[in-house]
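Here the structure comes first, spelled out in structure tokens, and everything after it is commentary.
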Number of protein chains: 2
Amino acid sequence: MTAQLASEPLTRSVEDYLKAIYRLSAEGAPVSTSDIADLLGLSAPSVSGMIRRLSEQDLLEHAPYRGVLLTAAGRRVALRMVRRHRLIEAYLVKFLGYSWDTVHDEAERLEHAVSEGLIERMAEALGNPRFDPHGDPIPDSNGAMDELVYTPLTDIPAGETAEIRRVDTGQAERLRYLEQAGLTPGTRVAVRRHEPFHGPITIAIGAGERVIGHELARQVLCVRPEIR
Amino acid sequence: MTAQLASEPLTRSVEDYLKAIYRLSAEGAPVSTSDIADLLGLSAPSVSGMIRRLSEQDLLEHAPYRGVLLTAAGRRVALRMVRRHRLIEAYLVKFLGYSWDTVHDEAERLEHAVSEGLIERMAEALGNPRFDPHGDPIPDSNGAMDELVYTPLTDIPAGETAEIRRVDTGQAERLRYLEQAGLTPGTRVAVRRHEPFHGPITIAIGAGERVIGHELARQVLCVRPEIR
DNA sequence: CAAAATAGTTAGTCATGCCTAAATTCGACG
DNA sequence: CGTCGAATTTAGGCATGACTAACTATTTTG
Ligand SMILES: [Mn+2]
Ligand SMILES: [Mn+2]
Ligand SMILES: [Mn+2]
Ligand SMILES: [Mn+2]
């Protein structure tokens, strides 16, 4: 066991810091002060101050001038917030008519206010989904999450077919564009042509054809149909 | 118009203070520092300090040593919070399986985190209800609310019938008792007998009979059937 | 390899919102 | 009408979490 019994509730700030650090830790490398500051839109000294408080609470380890790493306790908190955020997004889209480009901001606030009980009721109402509306995986209540590896649409060869599973952007304008283009998780697309030098991709969805810029297409993550 | 254009968001504390003061203003009389402190579970000096800040923001008027009164702006905020709180309670009971004795705490936190848009979607999903699960009226989005006058169960004469409309307690144990006794808004009861000296009341609900203590019965608010 | 550029930390400030202890005001009552 | 007690406010302190300015460590580069 790792302490953490009957601690007082964490603040919204603390929860958002830990979530941000978790997200930036993708590569397992230490996370820099300035990366946290950029992601959260804060000054570097503010982040330095919070890092000191969080390391005193054993939520992360700080090597001065080197960066921070979450402890097991810190990662637990972060994964709890990720679960909350993504379940809330899924709930708002499924039951309250939210569009996938507007759910993020609402979830960013609600994730700190819902009780454990409410989250589990929402999960149940949704049928314990494994993915949120953007295809992001939802950790289970123990923090376990299947991190699947997908293929960017840019890497699907011309002539092949793929199914969209996830979109890797939070920008509302991009999400709106992708939605009206029909490029949402679950959709099948056939890749027609790649223009050279990172040029656009021509795809077929259902009846019509579309041309998608390379940069955006790189954020559209797919699986290729099983080869058997 | 009363200013209030593009003000920065109010904090959770500020919203709870204004809601508390609104609730204590029922009689139109100024609200005392100690009443606010008691209701919110804070020390009197903390309340004095907040009163100063709120009056600087023109959310209330403070006559030192005399008490406070909400301004129009303060009342607007308070009614917005009451609307949120009661709609959230109704939503959690109707769609997420909450019981009426557990919704309050959840709503107390969520009321500060939901956006105007989410509240209106929840209201719509509920069919724009006029009352929450406890029978408390829900202000409309302009802050208008029908404050009906009900008759306490203790004032229904023996031999008469009444319909329960509202319960005037927030205590979870009382709410649980009332629910299992069948004394919830919408239920019809027949009053059989009043014991003297503020003694218990015997009532009939559907098939069975029950005896209810006077103090609790006073919190069960009813209407008598139309006389025509 | 030393200087410049970049990144990070420290120092000091501020607003919010809570607290306790001390001072003040008000109203009641003798 | 003065005194006593309750209510209220003031004074002072603390944690959180933000900021800017100044300093320091690290990295890059001529
Ligand atoms: Mn957040
Ligand atoms: Mn998402
Ligand atoms: Mn509240
Ligand atoms: Mn209620």
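Chains: A, B, ... in order of the structure tokens. Residues: from 1 per chain. Ligands: from 1, in order shown.
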
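Shell of Ile205 in chain A at 12 Å, with only C-alpha atoms (C1' of nucleotides) counted and residues fewer than 2 places along the chain excluded, is Thr161, Ala162, Glu163, Ile164, Gln180, Ala181, Gly182, Leu183, Thr184, Gly186, Thr187, Arg188, Val189, Ala190, Val191, Arg192, Thr202, Ile203, Ala207, Gly208, Glu209, Arg210, Val211 and Ile212 of chain A.
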
Per DSSP on the backbone, filter range 47-90 of chain B down to the residues in strand (DSSP E) and report them as a compact mmCIF listing (two decimals) with C-alpha atoms, in the first residue's frame.
# COMPACT_ATOMS: atom_id res chain seq x y z
CA LEU B 60 -25.42 43.20 -1.49
CA GLU B 61 -25.90 46.20 0.75
CA HIS B 62 -24.41 46.17 4.17
CA ALA B 63 -25.56 48.29 7.09
CA GLY B 67 -27.28 43.07 8.44
CA VAL B 68 -27.23 42.66 4.68
CA LEU B 69 -29.75 42.77 1.85
CA LEU B 70 -29.14 41.43 -1.64

* To do: With a cut-off of 12 Å and counting only C-alpha atoms (C1' of nucleotides), select all residues of chain D in contact with chain B and give the selection as an MDAnalysis selection string.
  => chainID D and resid 6:11

Let me see the file: selected residues, N, CA, C and O atoms (P, O5', C5', C4', C3', O3' and C1' of nucleotides), as a short mmCIF file (atom, residue, chain, number, x, y, z; two decimals), in the first residue's frame.
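Just written: selection.cif:
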data_model
loop_
_atom_site.label_atom_id
_atom_site.label_comp_id
_atom_site.auth_asym_id
_atom_site.auth_seq_id
_atom_site.Cartn_x
_atom_site.Cartn_y
_atom_site.Cartn_z
P DA D 6 -24.11 36.23 26.70
"O5'" DA D 6 -24.69 36.48 25.24
"C5'" DA D 6 -25.92 37.18 25.08
"C4'" DA D 6 -25.96 37.84 23.70
"C3'" DA D 6 -25.33 36.98 22.60
"O3'" DA D 6 -26.20 37.06 21.47
"C1'" DA D 6 -24.24 39.08 22.68
P DA D 7 -25.89 36.26 20.14
"O5'" DA D 7 -25.44 37.43 19.14
"C5'" DA D 7 -26.27 38.57 18.98
"C4'" DA D 7 -25.57 39.58 18.12
"C3'" DA D 7 -24.95 39.00 16.85
"O3'" DA D 7 -25.37 39.84 15.79
"C1'" DA D 7 -23.32 40.22 18.06
P DT D 8 -25.01 39.57 14.27
"O5'" DT D 8 -23.68 40.46 14.09
"C5'" DT D 8 -23.76 41.86 14.31
"C4'" DT D 8 -22.38 42.46 14.22
"C3'" DT D 8 -21.58 42.03 13.00
"O3'" DT D 8 -21.54 43.15 12.13
"C1'" DT D 8 -20.24 42.14 14.98
P DT D 9 -20.74 43.15 10.75
"O5'" DT D 9 -19.35 43.78 11.21
"C5'" DT D 9 -19.34 45.02 11.91
"C4'" DT D 9 -17.92 45.33 12.39
"C3'" DT D 9 -16.87 45.26 11.29
"O3'" DT D 9 -16.15 46.48 11.32
"C1'" DT D 9 -16.19 44.01 13.18
P DT D 10 -14.99 46.81 10.29
"O5'" DT D 10 -13.65 46.56 11.14
"C5'" DT D 10 -13.43 47.27 12.36
"C4'" DT D 10 -12.12 46.81 12.96
"C3'" DT D 10 -10.94 46.78 12.01
"O3'" DT D 10 -9.85 47.38 12.69
"C1'" DT D 10 -11.16 44.70 13.08
P DA D 11 -8.47 47.70 11.97
"O5'" DA D 11 -7.48 46.61 12.57
"C5'" DA D 11 -7.56 46.26 13.95
"C4'" DA D 11 -6.55 45.15 14.25
"C3'" DA D 11 -5.40 45.05 13.26
"O3'" DA D 11 -4.22 44.75 14.00
"C1'" DA D 11 -6.53 42.99 13.34
#

* Can you list, as a ChimeraX atom specification, every residue of range 11-66 of chain B that DSSP puts in helix (DSSP H, G or I)? -> /B:12-24,33-40,44-56

Write a file of the just-selected residues containing N, CA, C and O atoms, as a compact mmCIF listing (two decimals), in the first residue's frame.
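Everything below was put into out_13.txt:
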# COMPACT_ATOMS: atom_id res chain seq x y z
N ARG B 12 -17.01 29.74 -6.27
CA ARG B 12 -17.93 28.86 -5.58
C ARG B 12 -18.37 29.47 -4.25
O ARG B 12 -19.56 29.45 -3.90
N SER B 13 -17.42 30.03 -3.50
CA SER B 13 -17.78 30.63 -2.21
C SER B 13 -18.80 31.75 -2.40
O SER B 13 -19.79 31.82 -1.68
N VAL B 14 -18.52 32.64 -3.32
CA VAL B 14 -19.41 33.78 -3.54
C VAL B 14 -20.81 33.28 -3.89
O VAL B 14 -21.82 33.76 -3.36
N GLU B 15 -20.87 32.29 -4.78
CA GLU B 15 -22.19 31.78 -5.18
C GLU B 15 -22.93 31.17 -3.99
O GLU B 15 -24.13 31.37 -3.82
N ASP B 16 -22.20 30.45 -3.14
CA ASP B 16 -22.86 29.84 -1.99
C ASP B 16 -23.31 30.88 -0.96
O ASP B 16 -24.37 30.74 -0.35
N TYR B 17 -22.50 31.91 -0.76
CA TYR B 17 -22.91 32.99 0.14
C TYR B 17 -24.21 33.64 -0.36
O TYR B 17 -25.15 33.84 0.40
N LEU B 18 -24.25 33.96 -1.64
CA LEU B 18 -25.43 34.67 -2.16
C LEU B 18 -26.66 33.78 -2.07
O LEU B 18 -27.75 34.25 -1.72
N LYS B 19 -26.48 32.51 -2.35
CA LYS B 19 -27.61 31.58 -2.24
C LYS B 19 -28.08 31.50 -0.78
O LYS B 19 -29.28 31.51 -0.51
N ALA B 20 -27.14 31.43 0.14
CA ALA B 20 -27.50 31.36 1.56
C ALA B 20 -28.24 32.62 1.99
O ALA B 20 -29.25 32.55 2.70
N ILE B 21 -27.75 33.77 1.58
CA ILE B 21 -28.39 35.02 1.98
C ILE B 21 -29.78 35.11 1.37
O ILE B 21 -30.74 35.52 2.04
N TYR B 22 -29.90 34.67 0.13
CA TYR B 22 -31.24 34.66 -0.49
C TYR B 22 -32.20 33.82 0.34
O TYR B 22 -33.32 34.23 0.63
N ARG B 23 -31.74 32.66 0.72
CA ARG B 23 -32.61 31.75 1.48
C ARG B 23 -33.00 32.35 2.82
O ARG B 23 -34.13 32.19 3.28
N LEU B 24 -32.07 33.06 3.44
CA LEU B 24 -32.35 33.65 4.75
C LEU B 24 -33.16 34.93 4.65
O LEU B 24 -33.65 35.45 5.66
N THR B 33 -25.11 38.51 10.14
CA THR B 33 -23.82 37.84 9.97
C THR B 33 -23.85 36.43 10.56
O THR B 33 -23.42 35.47 9.94
N SER B 34 -24.40 36.33 11.77
CA SER B 34 -24.31 35.02 12.44
C SER B 34 -25.25 34.01 11.80
O SER B 34 -24.95 32.81 11.81
N ASP B 35 -26.37 34.45 11.25
CA ASP B 35 -27.24 33.50 10.55
C ASP B 35 -26.53 32.93 9.33
O ASP B 35 -26.60 31.72 9.05
N ILE B 36 -25.81 33.79 8.60
CA ILE B 36 -25.06 33.30 7.45
C ILE B 36 -23.97 32.34 7.91
O ILE B 36 -23.80 31.26 7.35
N ALA B 37 -23.26 32.73 8.97
CA ALA B 37 -22.18 31.89 9.48
C ALA B 37 -22.71 30.52 9.89
O ALA B 37 -22.12 29.49 9.58
N ASP B 38 -23.86 30.51 10.58
CA ASP B 38 -24.44 29.24 11.01
C ASP B 38 -24.80 28.37 9.81
O ASP B 38 -24.48 27.19 9.76
N LEU B 39 -25.50 28.98 8.83
CA LEU B 39 -25.96 28.20 7.69
C LEU B 39 -24.80 27.61 6.89
O LEU B 39 -24.86 26.48 6.43
N LEU B 40 -23.71 28.37 6.76
CA LEU B 40 -22.59 27.92 5.94
C LEU B 40 -21.53 27.19 6.76
O LEU B 40 -20.56 26.67 6.20
N ALA B 44 -17.94 33.84 12.24
CA ALA B 44 -18.51 35.16 11.97
C ALA B 44 -17.51 36.09 11.29
O ALA B 44 -17.88 36.80 10.35
N PRO B 45 -16.23 36.11 11.72
CA PRO B 45 -15.30 37.01 11.01
C PRO B 45 -15.11 36.66 9.54
O PRO B 45 -14.93 37.57 8.71
N SER B 46 -15.16 35.39 9.21
CA SER B 46 -15.05 35.03 7.79
C SER B 46 -16.21 35.64 7.01
O SER B 46 -16.03 36.17 5.91
N VAL B 47 -17.39 35.58 7.62
CA VAL B 47 -18.57 36.14 6.95
C VAL B 47 -18.44 37.65 6.84
O VAL B 47 -18.72 38.22 5.78
N SER B 48 -17.98 38.30 7.90
CA SER B 48 -17.78 39.76 7.83
C SER B 48 -16.87 40.12 6.66
O SER B 48 -17.15 41.07 5.92
N GLY B 49 -15.81 39.37 6.51
CA GLY B 49 -14.87 39.65 5.43
C GLY B 49 -15.50 39.48 4.07
O GLY B 49 -15.35 40.33 3.18
N MET B 50 -16.26 38.41 3.89
CA MET B 50 -16.90 38.19 2.60
C MET B 50 -17.96 39.25 2.34
O MET B 50 -18.12 39.71 1.20
N ILE B 51 -18.67 39.66 3.39
CA ILE B 51 -19.69 40.70 3.22
C ILE B 51 -19.05 41.98 2.67
O ILE B 51 -19.60 42.63 1.77
N ARG B 52 -17.89 42.31 3.18
CA ARG B 52 -17.21 43.50 2.66
C ARG B 52 -16.93 43.36 1.17
O ARG B 52 -17.25 44.24 0.37
N ARG B 53 -16.37 42.18 0.78
CA ARG B 53 -16.05 42.01 -0.64
C ARG B 53 -17.31 42.02 -1.51
O ARG B 53 -17.32 42.60 -2.59
N LEU B 54 -18.36 41.38 -1.03
CA LEU B 54 -19.59 41.31 -1.83
C LEU B 54 -20.24 42.69 -1.96
O LEU B 54 -20.83 43.00 -3.00
N SER B 55 -20.15 43.49 -0.92
CA SER B 55 -20.77 44.82 -1.04
C SER B 55 -19.93 45.71 -1.94
O SER B 55 -20.48 46.55 -2.66
N GLU B 56 -18.61 45.51 -1.96
CA GLU B 56 -17.77 46.26 -2.91
C GLU B 56 -18.14 45.92 -4.36
O GLU B 56 -18.02 46.75 -5.25

* Within 10 Å of ligand 2, counting only C-alpha atoms (C1' of nucleotides) and all ligand atoms, residues as JSON, numbers by chain -> {"A": [82, 85, 86, 87, 88, 89, 90, 100, 101, 103, 104, 107, 131, 132, 133, 134, 135, 136, 137, 138, 166, 167, 168, 169, 170]}

* Hey, list the chain B side of the contact with chain A: 8 Å cut-off, only C-alpha atoms, answer as number ranges by chain. => B: 96-97, 106, 109-110, 113-115, 118, 121-122, 125

* To do: Using CA of Ala73 in chain B and CA of Leu42 in chain B as the two end points, give the distance in Å to one decimal.
  =>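 Rounded to one decimal, the two atoms are 23.9 Å apart.
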
* Asked: Using only C-alpha atoms (C1' of nucleotides), which of the listed residues (B:His194, B:Thr102, B:Ala26, B:Ser43) sits closest to chain C?
  -> B:Ser43
